[in-house]
Amino acid sequence: MEFGQKSTKEQIAEEYKDLPRRKAATPGKVVPEKKANMPYFVHQDWKAKQAKLAKEKEERQRIRAEKIAKGEDPGPDPDAPSIGVGSFFKKLMTLVLCVLAAGYFITGDALWGYRHEYMSLKFWQSLIPDPNMTVFTESQLAKYDGTDPEKPIYLAINGDVYDVTAGRHTYGPGGSYHIFAGKDAARAFVTGCFLIHQTHDIRGFGEKEMKSLKHWQDFYRKHEKYKKVGTVYHKPIHPSTPIPPRCKPDGSPVDSETKETGPQYSSAAPLSVTQSSETSKSTANSKQEL
């Protein structure tokens, strides 16, 4: 350093000599109020505020203790711990995030592998009324049986119409389940009688059959690729109309003279009409084909 030149320390002192000073935490020291020191001042102000609040609380508790000692009613304790609505939801969200994070790091899935219809976007979308839903007549629905490659393929079950175009190889002409395209064959889904039960008529179904029908309705409602596009209108069935007859394993009607007890259903899983001799296929294999 040349003679007469100020040192760096002296230059800094000269630069900040006119700035306001604030007392530091260390007794006997002051700190210039420059921008770089702002975080320090914020922390000091917070500490001072907390100390003031603690002192006020101590004074309230002292007065409360004196009232209790005199037998007076001290009233509600303003310092008693309480959980407000905001605090409750904050703690709840923290807990939820911790559970999700733990699931991700332990199992690789934030939901711990849990999957339910309520977790799917399709379920919540189904609760919102869709103005684009169409009400089909049976003749209109029949036009969407897959024979026209320019049109989508629709299938109905118990009145609900679904677009199954994504499964054209299965529901289109020549497909194993083409029999269900363009119509509401709800009865056949349950009975497996594909030759004579291509109808929406489910009269005569008991609790077991209705449970099976709901199973198939849920299958299409929850399917990732099939979307509900509307409903189909069926004319009321006249009470005098006979209930569809039971069928044999090969799909043909049961002879009226033959004594049979109970419904003769071949399967609850749809199979191809051309494969009626293979009705012993498992439901799982059939659903994979769907």
# chains A, B, ... in the order shown; residues from 1 in each chain; ligands from 1
>>> select_by_dssp(residues="range 24-219 of chain A", states="strand (DSSP E)", output="PyMOL selection string")
chain A and resi 30-32+134-137+154-157+160-163
>>> atom_distance(atom1="CA of His200 in chain A", atom2="CA of Ile157 in chain A")
7.4 Å
>>> closest_residue(among="A:Gly146, A:Gly230, A:Phe205, A:Leu92", to="Asp160 in chain A", atoms="only C-alpha atoms")
A:Gly230
>>> closest_residue(among="A:Met210, A:Ile202, A:Val135, A:Ile196", to="Arg246 in chain A", atoms="only C-alpha atoms")
A:Ile196
>>> residues_around(residues="Tyr162 in chain A", least_positions_apart="2", cutoff="8 Å", atoms="only C-alpha atoms", output="list in words")
Tyr154, Leu155, Ala156, Asp160, Val164, Tyr220, Tyr226, Lys227, Lys228, Val229 and Gly230 of chain A
